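Have a look at target_20.tsv below; it lists TSV, C-alpha atoms and all ligand atoms.
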chain	number	residue	atom	x	y	z
G	1323	MET	CA	-24.49	8.53	-10.34
G	1324	LYS	CA	-24.21	7.21	-13.88
G	1325	ALA	CA	-25.97	10.29	-15.24
G	1326	PHE	CA	-23.47	12.50	-13.41
G	1327	ILE	CA	-20.53	10.49	-14.78
G	1328	SER	CA	-21.85	10.82	-18.32
G	1329	GLU	CA	-22.18	14.58	-17.79
G	1330	ILE	CA	-18.58	15.12	-16.65
G	1331	PHE	CA	-16.87	12.36	-18.60
G	1332	LYS	CA	-16.08	14.25	-21.79
G	1333	ASP	CA	-14.41	17.15	-19.98
G	1334	CYS	CA	-12.34	14.79	-17.82
G	1335	SER	CA	-11.34	12.74	-20.83
G	1336	ALA	CA	-10.22	15.89	-22.68
G	1337	LEU	CA	-7.56	16.39	-19.98
G	1338	SER	CA	-5.72	13.31	-21.25
G	1339	SER	CA	-4.10	15.39	-23.97
G	1340	LYS	CA	-2.35	17.40	-21.22
G	1341	GLY	CA	-0.52	14.35	-19.81
G	1342	GLN	CA	1.73	11.60	-21.13
G	1343	VAL	CA	1.72	7.81	-21.12
G	1344	ALA	CA	4.60	6.21	-19.20
G	1345	ASP	CA	7.44	5.35	-21.53
G	1346	TYR	CA	10.26	4.28	-19.21
G	1347	ILE	CA	8.91	0.75	-19.65
G	1348	PRO	CA	9.00	0.67	-23.47
G	1349	ALA	CA	5.95	-1.60	-23.87
G	1350	LEU	CA	3.74	0.90	-22.01
G	1351	LYS	CA	4.24	3.41	-24.84
G	1352	ASN	CA	1.63	1.49	-26.82
G	1353	SER	CA	-1.22	2.59	-24.50
G	1354	SER	CA	-3.90	4.79	-26.08
G	1355	ILE	CA	-3.47	8.17	-24.45
G	1356	ASP	CA	-7.13	9.21	-24.67
G	1357	ASN	CA	-8.62	6.14	-22.95
G	1358	LEU	CA	-10.62	6.68	-19.77
G	1359	GLY	CA	-12.79	4.19	-17.91
G	1360	ILE	CA	-14.33	3.71	-14.51
G	1361	THR	CA	-16.12	1.01	-12.50
G	1362	ILE	CA	-17.89	1.71	-9.23
G	1363	ILE	CA	-19.31	-1.14	-7.13
G	1364	ASP	CA	-21.53	-0.43	-4.17
G	1365	THR	CA	-21.99	-2.62	-1.10
G	1366	SER	CA	-25.12	-4.23	-2.54
G	1367	GLY	CA	-23.09	-5.38	-5.55
G	1368	GLU	CA	-24.55	-2.88	-8.00
G	1369	ILE	CA	-22.01	-1.99	-10.67
G	1370	ILE	CA	-21.72	1.24	-12.63
G	1371	SER	CA	-19.23	1.21	-15.50
G	1372	TYR	CA	-18.39	3.87	-18.03
G	1373	GLY	CA	-15.93	4.48	-20.88
G	1374	HIS	CA	-13.01	2.08	-21.35
G	1375	HIS	CA	-13.94	0.16	-18.24
G	1376	ASP	CA	-13.24	-3.26	-19.70
G	1377	LYS	CA	-9.94	-2.42	-21.34
G	1378	LYS	CA	-7.10	-4.55	-19.94
G	1379	PHE	CA	-4.03	-2.75	-18.62
G	1380	THR	CA	-1.11	-3.69	-16.41
G	1381	ILE	CA	-1.64	-3.11	-12.72
G	1382	GLN	CA	1.94	-1.88	-12.03
G	1383	SER	CA	2.34	-0.24	-8.62
G	1384	ILE	CA	-1.22	-1.03	-7.55
G	1385	SER	CA	0.00	-4.63	-7.17
G	1386	LYS	CA	1.95	-3.40	-4.13
G	1387	VAL	CA	-1.33	-3.19	-2.22
G	1388	VAL	CA	-2.05	-6.87	-2.85
G	1389	SER	CA	1.48	-8.12	-2.11
G	1390	LEU	CA	1.44	-6.06	1.08
G	1391	LEU	CA	-1.75	-7.81	2.26
G	1392	LEU	CA	-0.33	-11.25	1.51
G	1393	ALA	CA	2.99	-10.44	3.22
G	1394	LEU	CA	1.04	-9.36	6.30
G	1395	GLU	CA	-1.01	-12.58	6.20
G	1396	ASP	CA	2.21	-14.61	5.86
G	1397	ASN	CA	4.31	-12.82	8.47
G	1398	GLY	CA	2.03	-11.02	10.93
G	1399	THR	CA	2.55	-7.41	11.96
G	1400	GLU	CA	5.59	-7.78	14.22
G	1401	LYS	CA	7.77	-9.43	11.62
G	1402	PHE	CA	6.39	-7.19	8.88
G	1403	PHE	CA	7.20	-3.95	10.67
G	1404	SER	CA	10.64	-5.22	11.63
G	1405	ARG	CA	11.49	-5.04	7.93
G	1406	ILE	CA	9.25	-2.22	6.65
G	1407	GLY	CA	8.77	1.31	8.01
G	1408	LYS	CA	5.57	3.29	8.56
G	1409	GLU	CA	6.38	6.65	6.99
G	1410	ALA	CA	6.00	8.42	3.66
G	1411	SER	CA	9.27	9.09	1.91
G	1412	GLY	CA	8.45	12.34	0.11
G	1413	ASP	CA	10.69	11.04	-2.70
G	1414	PRO	CA	9.73	9.53	-6.06
G	1415	PHE	CA	8.65	5.87	-6.00
G	1416	ASN	CA	11.90	4.55	-7.38
G	1417	SER	CA	14.24	6.63	-5.24
G	1418	ILE	CA	17.12	4.91	-3.52
G	1419	ILE	CA	18.45	7.81	-1.45
G	1420	LYS	CA	16.72	7.21	1.91
G	1421	LEU	CA	17.97	3.64	2.06
G	1422	GLU	CA	21.48	4.95	2.36
G	1423	THR	CA	20.90	8.06	4.45
G	1424	SER	CA	18.38	6.92	7.07
G	1425	THR	CA	19.73	5.43	10.29
G	1426	GLU	CA	17.63	2.29	10.05
G	1427	SER	CA	18.44	0.13	7.05
G	1428	LYS	CA	14.88	-0.60	6.11
G	1429	PRO	CA	12.57	0.82	3.46
G	1430	LEU	CA	10.33	3.61	4.76
G	1431	ASN	CA	7.08	2.04	3.55
G	1432	PRO	CA	5.82	-0.85	1.38
G	1433	LEU	CA	4.59	1.32	-1.49
G	1434	ILE	CA	7.90	2.74	-2.66
G	1435	ASN	CA	9.88	0.33	-4.81
G	1436	SER	CA	12.51	-0.57	-2.19
G	1437	GLY	CA	9.68	-1.44	0.23
G	1438	ALA	CA	7.62	-3.28	-2.36
G	1439	ILE	CA	10.59	-5.43	-3.45
G	1440	THR	CA	11.20	-6.28	0.23
G	1441	VAL	CA	7.50	-7.10	0.67
G	1442	THR	CA	7.65	-9.48	-2.29
G	1443	ASP	CA	10.65	-11.17	-0.64
G	1444	MET	CA	8.53	-11.68	2.49
G	1445	ILE	CA	5.85	-13.69	0.69
G	1446	HIS	CA	6.20	-17.32	1.75
G	1447	GLY	CA	7.38	-19.94	-0.73
G	1448	ASN	CA	10.37	-22.25	-1.05
G	1449	THR	CA	11.30	-20.90	-4.46
G	1450	VAL	CA	10.62	-17.60	-6.18
G	1451	GLU	CA	8.27	-19.44	-8.54
G	1452	GLU	CA	6.28	-20.66	-5.57
G	1453	LYS	CA	6.12	-17.12	-4.14
G	1454	PHE	CA	4.68	-15.83	-7.42
G	1455	GLU	CA	2.23	-18.72	-7.69
G	1456	ARG	CA	0.91	-17.90	-4.21
G	1457	LEU	CA	0.76	-14.19	-5.05
G	1458	ILE	CA	-1.25	-14.59	-8.25
G	1459	GLU	CA	-3.62	-17.02	-6.50
G	1460	TYR	CA	-4.14	-14.34	-3.84
G	1461	PHE	CA	-4.86	-11.77	-6.57
G	1462	LYS	CA	-7.48	-14.15	-7.97
G	1463	LEU	CA	-9.01	-14.60	-4.52
G	1464	ILE	CA	-9.40	-10.92	-3.78
G	1465	THR	CA	-10.58	-9.89	-7.24
G	1466	GLY	CA	-12.76	-12.98	-7.66
G	1467	ASN	CA	-11.24	-13.18	-11.16
G	1468	GLU	CA	-9.81	-16.62	-11.98
G	1469	GLU	CA	-8.67	-15.45	-15.42
G	1470	LEU	CA	-5.96	-13.05	-14.25
G	1471	LYS	CA	-2.61	-13.45	-15.97
G	1472	ILE	CA	0.46	-11.43	-16.77
G	1473	ASN	CA	1.12	-9.43	-19.92
G	1474	GLU	CA	4.28	-11.15	-21.14
G	1475	GLU	CA	5.36	-8.25	-23.37
G	1476	VAL	CA	5.23	-5.70	-20.54
G	1477	PHE	CA	6.96	-8.13	-18.16
G	1478	LEU	CA	9.85	-8.76	-20.56
G	1479	SER	CA	10.09	-5.07	-21.42
G	1480	GLU	CA	10.51	-4.07	-17.77
G	1481	LYS	CA	12.82	-7.03	-17.04
G	1482	GLU	CA	15.09	-5.88	-19.82
G	1483	THR	CA	15.13	-2.17	-19.01
G	1484	GLY	CA	14.50	-1.96	-15.24
G	1485	ASN	CA	18.03	-1.03	-14.25
G	1486	ARG	CA	17.03	1.25	-11.41
G	1487	ASN	CA	14.98	-1.52	-9.81
G	1488	LYS	CA	17.96	-3.83	-10.27
G	1489	ALA	CA	20.12	-1.27	-8.45
G	1490	ILE	CA	17.57	-1.07	-5.63
G	1491	ALA	CA	17.34	-4.87	-5.28
G	1492	PHE	CA	21.13	-5.33	-5.20
G	1493	PHE	CA	21.42	-2.54	-2.65
G	1494	LEU	CA	18.76	-4.19	-0.48
G	1495	LYS	CA	20.68	-7.45	-0.69
G	1496	GLU	CA	23.89	-5.72	0.32
G	1497	LEU	CA	22.14	-4.18	3.34
G	1498	GLY	CA	20.82	-7.62	4.32
G	1499	VAL	CA	17.20	-6.41	3.94
G	1500	ILE	CA	16.23	-9.11	1.40
G	1501	ASP	CA	17.07	-12.81	1.47
G	1502	SER	CA	16.40	-13.90	-2.10
G	1503	ASP	CA	18.65	-13.60	-5.11
G	1504	PRO	CA	17.96	-10.02	-6.33
G	1505	LEU	CA	17.39	-10.84	-10.00
G	1506	LYS	CA	15.14	-13.80	-9.25
G	1507	LEU	CA	13.17	-11.69	-6.81
G	1508	LEU	CA	12.79	-8.93	-9.39
G	1509	ASP	CA	11.32	-11.46	-11.79
G	1510	ILE	CA	8.40	-11.84	-9.37
G	1511	TYR	CA	8.17	-8.11	-8.76
G	1512	PHE	CA	8.11	-7.36	-12.51
G	1513	LYS	CA	5.57	-10.13	-13.03
G	1514	GLN	CA	3.26	-8.82	-10.31
G	1515	CYS	CA	3.44	-5.36	-11.94
G	1516	SER	CA	2.53	-6.93	-15.31
G	1517	ILE	CA	-0.69	-8.59	-14.16
G	1518	GLU	CA	-3.47	-7.45	-16.49
G	1519	VAL	CA	-6.61	-6.09	-14.90
G	1520	THR	CA	-9.68	-4.05	-15.77
G	1521	THR	CA	-11.30	-1.27	-13.73
G	1522	LYS	CA	-13.69	-3.91	-12.36
G	1523	ASP	CA	-10.83	-5.91	-10.82
G	1524	LEU	CA	-9.54	-2.75	-9.13
G	1525	ALA	CA	-13.03	-1.82	-7.94
G	1526	LYS	CA	-13.41	-5.29	-6.38
G	1527	ILE	CA	-10.15	-4.89	-4.42
G	1528	ALA	CA	-11.19	-1.38	-3.38
G	1529	LEU	CA	-14.59	-2.62	-2.20
G	1530	LEU	CA	-12.89	-5.19	0.05
G	1531	LEU	CA	-10.45	-2.65	1.43
G	1532	GLY	CA	-13.23	-0.16	2.13
G	1533	ASN	CA	-15.16	-2.81	4.03
G	1534	ARG	CA	-12.21	-3.97	6.13
G	1535	GLY	CA	-11.73	-7.18	4.25
G	1536	LEU	CA	-15.37	-8.25	4.29
G	1537	ASP	CA	-16.93	-8.88	0.92
G	1538	PRO	CA	-20.29	-7.15	1.42
G	1539	ILE	CA	-21.81	-9.11	-1.44
G	1540	SER	CA	-20.99	-12.68	-0.28
G	1541	GLY	CA	-20.75	-11.78	3.42
G	1542	LYS	CA	-17.35	-13.55	3.58
G	1543	GLN	CA	-14.34	-12.13	5.41
G	1544	ILE	CA	-11.71	-12.43	2.68
G	1545	VAL	CA	-8.86	-10.39	4.20
G	1546	ASN	CA	-7.93	-9.78	7.82
G	1547	LYS	CA	-9.60	-6.59	9.10
G	1548	LYS	CA	-6.46	-5.18	10.71
G	1549	TYR	CA	-4.36	-5.73	7.58
G	1550	CYS	CA	-6.91	-3.78	5.55
G	1551	SER	CA	-6.65	-0.85	7.98
G	1552	ILE	CA	-2.87	-0.91	7.67
G	1553	CYS	CA	-3.14	-0.98	3.89
G	1554	ASN	CA	-5.64	1.92	3.80
G	1555	ALA	CA	-3.38	3.96	6.07
G	1556	TYR	CA	-0.39	3.36	3.81
G	1557	MET	CA	-2.45	4.31	0.75
G	1558	THR	CA	-3.44	7.55	2.42
G	1559	ILE	CA	0.10	8.60	3.26
G	1560	CYS	CA	1.88	7.38	0.14
G	1561	GLY	CA	-0.44	5.61	-2.30
G	1562	MET	CA	-0.39	8.35	-4.92
G	1563	TYR	CA	3.38	8.92	-5.03
G	1564	ASP	CA	4.32	12.47	-4.10
G	1565	GLY	CA	0.77	13.55	-4.97
G	1566	SER	CA	-0.67	11.73	-1.94
G	1567	GLY	CA	-1.31	14.84	0.16
G	1568	GLU	CA	-3.08	16.55	-2.70
G	1569	PHE	CA	-5.22	13.43	-3.27
G	1570	ALA	CA	-6.12	13.28	0.43
G	1571	ILE	CA	-7.14	16.93	0.47
G	1572	ASN	CA	-8.97	17.06	-2.85
G	1573	ILE	CA	-10.60	13.63	-2.87
G	1574	GLY	CA	-10.43	12.57	0.76
G	1575	ILE	CA	-10.18	8.79	0.46
G	1576	PRO	CA	-7.28	6.29	0.28
G	1577	GLY	CA	-5.97	5.65	-3.22
G	1578	LYS	CA	-3.28	3.73	-5.05
G	1579	SER	CA	-2.13	4.49	-8.56
G	1580	GLY	CA	0.12	2.76	-11.06
G	1581	VAL	CA	2.06	3.98	-14.08
G	1582	GLY	CA	-0.16	1.79	-16.29
G	1583	GLY	CA	-2.87	4.40	-15.64
G	1584	GLY	CA	-4.92	2.60	-13.00
G	1585	ILE	CA	-6.24	4.01	-9.74
G	1586	LEU	CA	-7.84	1.96	-6.98
G	1587	ALA	CA	-9.90	3.93	-4.47
G	1588	PRO	CA	-12.10	2.67	-1.63
G	1589	VAL	CA	-14.87	4.94	-0.37
G	1590	PRO	CA	-15.17	3.31	3.05
G	1591	GLU	CA	-18.38	1.40	3.62
G	1592	ARG	CA	-19.86	2.80	0.42
G	1593	TYR	CA	-18.04	2.04	-2.84
G	1594	GLY	CA	-15.07	0.35	-4.43
G	1595	ILE	CA	-13.76	2.36	-7.37
G	1596	GLY	CA	-11.40	1.39	-10.18
G	1597	VAL	CA	-10.27	3.92	-12.79
G	1598	TYR	CA	-8.17	3.61	-15.92
G	1599	GLY	CA	-6.62	6.51	-17.85
G	1600	PRO	CA	-3.05	5.96	-19.07
G	1601	SER	CA	-2.24	9.62	-19.62
G	1602	LEU	CA	-0.28	10.59	-16.51
G	1603	ASN	CA	0.38	13.91	-14.82
G	1604	LYS	CA	3.90	14.93	-13.75
G	1605	LYS	CA	3.58	12.93	-10.52
G	1606	GLY	CA	2.72	9.72	-12.36
G	1607	ASN	CA	-1.02	9.66	-11.62
G	1608	SER	CA	-3.77	9.37	-14.24
G	1609	ILE	CA	-4.58	12.98	-15.11
G	1610	ALA	CA	-8.16	12.38	-16.29
G	1611	GLY	CA	-8.75	9.71	-13.63
G	1612	ILE	CA	-7.85	12.11	-10.83
G	1613	LYS	CA	-10.23	14.75	-12.19
G	1614	LEU	CA	-13.02	12.22	-12.48
G	1615	LEU	CA	-12.52	11.17	-8.85
G	1616	GLU	CA	-12.31	14.79	-7.72
G	1617	LEU	CA	-15.64	15.68	-9.32
G	1618	LEU	CA	-17.30	12.52	-8.01
G	1619	SER	CA	-15.99	13.19	-4.53
G	1620	GLU	CA	-17.35	16.74	-4.59
G	1621	GLU	CA	-20.75	15.66	-5.85
G	1622	PHE	CA	-21.22	12.58	-3.66
G	1623	ASP	CA	-19.28	13.73	-0.62
G	1624	PHE	CA	-16.63	11.00	-0.53
G	1625	SER	CA	-14.20	12.72	1.84
G	1626	MET	CA	-13.49	10.94	5.12
G	1627	TYR	CA	-11.95	13.99	6.70
L	1701	LIG	N1	6.83	-1.70	-12.41
L	1701	LIG	C1	6.95	-0.33	-12.07
L	1701	LIG	C2	8.29	-0.01	-11.43
L	1701	LIG	O1	8.66	-0.58	-10.44
L	1701	LIG	C3	5.81	0.09	-11.21
L	1701	LIG	C4	5.83	1.55	-11.07
L	1701	LIG	C5	4.53	2.20	-10.73
L	1701	LIG	O2	3.47	1.86	-11.21
L	1701	LIG	O3	4.65	3.13	-9.94
L	1701	LIG	O4	9.02	0.79	-11.91
Show me the file's structure as structure tokens.
Ligand code: GLU
Amino acid sequence: MKAFISEIFKDCSALSSKGQVADYIPALKNSSIDNLGITIIDTSGEIISYGHHDKKFTIQSISKVVSLLLALEDNGTEKFFSRIGKEASGDPFNSIIKLETSTESKPLNPLINSGAITVTDMIHGNTVEEKFERLIEYFKLITGNEELKINEEVFLSEKETGNRNKAIAFFLKELGVIDSDPLKLLDIYFKQCSIEVTTKDLAKIALLLGNRGLDPISGKQIVNKKYCSICNAYMTICGMYDGSGEFAINIGIPGKSGVGGGILAPVPERYGIGVYGPSLNKKGNSIAGIKLLELLSEEFDFSMY
């Protein structure tokens, strides 16, 4: 597999010049547009890494997968689904429109921002600080990386400029969907998005998700099996923004991307994959990362469908 990656890597990487790094969070503008890295871990623990695989970047929207798992652990499915829907929105991740127009006042899914902010509210803790403490500890548990921390510059940059997320959070409060103070809650949401990871951290999460919460290397059940299935289903229908259908058809596995350039992708019962390429296509997904996954899927028959 490594030989194949080295063969296709240069062509994939060249695509970066056709995309753009996210700039709506000013601190993300500093990312190097031509970076591309990948880590693939198989169920025996063998790791293949290539390119900028150990570069740290902020996890952004991919954090929604982890907060979703913890909110399910904390609340169980009945309570969870009473506050979060099960459908794709077909709108951009930060859209507010469906909250007002749909008959039920609840976010359509946990991967759009309105849903993710609600999910963060559902994490147990007496204070918002306690909620974040529990969340980052959970991140450490499922990545096996005790060193995880937030990138303060990116956090402050989004806190200062994230007016649309502020609008969403206040609207959710007005609808009675969230309990916490909107600005305090957003502090946790912005912090979870600013957690710095490498492709290996993403690959570890993907490996767990692809093995229904069982770490195939240690043999330990780290996450509830059912919650992993729910998470994989959500990733399939809306993990790649409004490019989710295309990802399902072309690559054929669940995936979750973030505007920092990361992609997490489980190949069920085979691999956990983490990709980094900050140059994004028009839908907000890593342009070179998607190509890399497409070619790998074709060659190694990843598709579940
Ligand atoms: N922190 C970002 C936001 O809510 C995450 C966006 C993303 O990666 O999709 O705007």
Sort by chain and increasing residue number a table of all residues of chain G within 6 Å of ligand LIG 1701 (chain L), each with its closest pair of atoms and their distance in Å to one decimal, counting all atoms listed in the file, and write it as a Markdown table.
| residue | atom | partner | partner_atom | distance |
| --- | --- | --- | --- | --- |
| G:Gln1382 | CA | L:LIG1701 | O2 | 4.1 |
| G:Ser1383 | CA | L:LIG1701 | O2 | 3.5 |
| G:Asn1435 | CA | L:LIG1701 | O1 | 5.8 |
| G:Phe1512 | CA | L:LIG1701 | N1 | 5.8 |
| G:Cys1515 | CA | L:LIG1701 | N1 | 5.0 |
| G:Gly1580 | CA | L:LIG1701 | O2 | 3.5 |
| G:Val1581 | CA | L:LIG1701 | O2 | 3.8 |
Which residues are close to stretch 1480-1496 of chain G, i.e. within 12 Å by only C-alpha atoms, leaving aside same-chain residues fewer than 6 positions away? Reply as an MDAnalysis selection string.
chainID G and resid 1344:1350 1380 1382 1405 1415:1422 1427:1429 1434:1443 1473:1474 1502:1516
Please identify all polymer residues within 8 Å of stretch 1365-1376 of chain G, counting only C-alpha atoms, omitting same-chain residues fewer than 3 positions from it, and present them as a PDB file with C-alpha atoms, keeping the file's coordinate frame.
ATOM      1  CA  LYS G1324     -24.210   7.210 -13.880  1.00  0.00           C
ATOM      2  CA  ILE G1327     -20.530  10.490 -14.780  1.00  0.00           C
ATOM      3  CA  SER G1328     -21.850  10.820 -18.320  1.00  0.00           C
ATOM      4  CA  ASN G1357      -8.620   6.140 -22.950  1.00  0.00           C
ATOM      5  CA  LEU G1358     -10.620   6.680 -19.770  1.00  0.00           C
ATOM      6  CA  GLY G1359     -12.790   4.190 -17.910  1.00  0.00           C
ATOM      7  CA  ILE G1360     -14.330   3.710 -14.510  1.00  0.00           C
ATOM      8  CA  THR G1361     -16.120   1.010 -12.500  1.00  0.00           C
ATOM      9  CA  ILE G1362     -17.890   1.710  -9.230  1.00  0.00           C
ATOM     10  CA  THR G1520      -9.680  -4.050 -15.770  1.00  0.00           C
ATOM     11  CA  THR G1521     -11.300  -1.270 -13.730  1.00  0.00           C
ATOM     12  CA  LYS G1522     -13.690  -3.910 -12.360  1.00  0.00           C
ATOM     13  CA  LEU G1529     -14.590  -2.620  -2.200  1.00  0.00           C
ATOM     14  CA  PRO G1538     -20.290  -7.150   1.420  1.00  0.00           C
ATOM     15  CA  ILE G1539     -21.810  -9.110  -1.440  1.00  0.00           C
ATOM     16  CA  GLU G1591     -18.380   1.400   3.620  1.00  0.00           C
ATOM     17  CA  ARG G1592     -19.860   2.800   0.420  1.00  0.00           C
ATOM     18  CA  TYR G1593     -18.040   2.040  -2.840  1.00  0.00           C
ATOM     19  CA  VAL G1597     -10.270   3.920 -12.790  1.00  0.00           C
ATOM     20  CA  TYR G1598      -8.170   3.610 -15.920  1.00  0.00           C
TER      21      TYR G1598
END
I'd like the neighbourhood of G:Phe1326 as a VMD selection string, where a residue qualifies if any of its atoms comes within 12 Å (using all atoms listed in the file), though same-chain residues fewer than 4 positions away should be ignored.
chain G and resid 1330 to 1332 1370 1372 1614 to 1615 1617 to 1622
Residue with the minimum atom-to-atom distance to G:Ile1544, picked from G:Ile1500, G:Leu1586, G:Leu1391, G:Ile1464 with all atoms listed in the file counted, is G:Ile1464
What does the distance between atom CA of G:Phe1402 and atom CA of G:Gln1543 come to in Å, to one decimal place?
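If I compute the distance from atom CA of G:Phe1402 to atom CA of G:Gln1543, I get 21.6 Å.
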Just the residues within 9 Å of G:Asn1397, please, counting all atoms listed in the file, with nothing from its chain fewer than 6 positions along; format it as a list in words.
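With the cut-off at 9 Å, the set is Met1444, Ile1445 and His1446 of chain G.
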